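Report on the following structure.
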Amino acid sequence: MKAALFQQDIIWGSPESNRRRLDGVLELAQEAELYVFPEMFTTGFATEEDAVVEESDADAVEWMLSWSRRKNAAIAGSVALRNGKKCVNRLLFVTPDGKVVSYDKRHLFSYGGEDRRFCAGRERVIAEAGGCRFLLAVCYDLRFPVWLRNRGDYDAILLVANWPDVRMPAWDTLSRARAIENQCYVLACNRVGKDPACNYSGGTKIINPYGETVSEVPDATEGWACGNIDMDFLCACAKKFPVLESADSFEMLV
């Protein structure tokens with residue numbers, strides 16, 4: 001299947017403005033079966049108490065479903081949502097048939113104060129589109145290989161992020177490591193621009209099971225990384241070198 005990841009400069013704290021701007025982006029986007037936007041793509045990384053979050057996922061879901069039907073493709077991206085006294089960082093994955101799959105970020109970025117305002121998810125979530133199974137993950141999750149271990153239940157990790165430029169060596173190394181160790185594709189979608197706390201240089205790319213880059217966006221620019229998730233190639237890799245058959249078994253702590 002063909003995936004398209006948008007490396008976005010997010011307008012701080014303005015869900016309506018970001019969706020309106022992305023209307024034009026999607027209008028001109030090349031055809032794909034999956035479109036991916038970064039973490040908190042409608043607000044920016046809204047960890048501070050006065051930062052804007054969405055009051056419900058209704059507007060985001062409606063917008064995503066509308067474009068999903070129009071493009072006849074799946075659409076994914078995370079939004080900051082109020083959830084009672086706290087919030088959740090929810091990755092939404094919608095398909096043209098109206099199905100909505102959601103994953104609440106498991107590993108909150110305590111270094112940046114995310115755990116003070118947000119509550120962590122507890123469920124590992126797989127979404128499907130175009131004959132491919134995606135493990136949903138958000139930003140800081142990338143650092144936790146046990147949580148992301150391939151149990152034979154997914155073909156690609158779909159990772160959305162607001163990963164700052166000061167830690168880009170870790171982003172590049174860990175995203176390739178997750179692809180190699182799990183014999184999967186990694187769709188790593190990061191933002192560019194800046195928010196009140198950080199600068200972001202991007203690093204959005206599609207990585208194959210050998211850790212090779214299929215497609216990427218130049219640093220510090222908006223644009224699309226478009227590439228194919230080749231299921232025949234994926235199966236051939238696992239058959240030729242069946243490393244996961246020797247993998248350790250972990251008891252998942254939830």
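Just remember, in the structure tokens the first chain shown is A, the second B, etc., residues are 1-based per chain, and ligands are 1-based in the order shown.
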Expected answer as a VMD selection string: strand (DSSP E) residues in segment 73-166 of chain A: chain A and resid 74 to 83 86 to 94 100 to 104 126 to 129 132 to 138 156 to 160
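Residue neighbourhood of segment 235-242 of chain A, excluding near-sequence residues (fewer than 2 positions): Cys132, Gly152, Tyr154, Asp155, Ala179, Ile180, Glu181, Asn182, Gln183, Cys184, Tyr185, Asn208, Pro209, Tyr210, Gly211, Ile229, Asp230, Met231, Asp232, Phe233, Leu244, Glu245, Ser246 and Ala247 of chain A, at 12 Å, using only C-alpha atoms.
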Top pick for closest residue to Ala60 of chain A, considering A:Asn162, A:Asn150, A:Thr43, A:Asn72 and counting only C-alpha atoms: A:Thr43
Proximity to Arg116 of chain A - best of A:Ala129, A:Cys87, A:Val25, A:Val186, only C-alpha atoms: A:Cys87
Residues of segment 9-231 of chain A in helix (DSSP H, G or I), written as an MDAnalysis selection string: chainID A and resid 15:28 58:71 110:112 114:117 139:143 165:182 231
Long-range neighbours of Glu216 of chain A as a list in words, 8 Å cut-off, only C-alpha atoms, 4 positions minimum in chain: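 Final neighbour list, sorted by chain and number: Gly203, Thr204, Lys205, Ile206, Trp224, Ala225 and Cys226 of chain A.
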Take atom CA of Val100 of chain A and atom CA of Leu65 of chain A and report the distance between them in Å, one decimal.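 Spanning atom CA of Val100 of chain A to atom CA of Leu65 of chain A is a straight-line distance of 8.4 Å.
In this structure, atom CA of Leu5 of chain A sits 21.9 Å away from atom CA of Arg124 of chain A.
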Could you tell me which of A:Asn83, A:Ser68, A:Thr213, A:Thr95 comes closest to Glu27 of chain A if we count only C-alpha atoms?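 That would be A:Ser68, the residue with the smallest distance to Glu27 of chain A.
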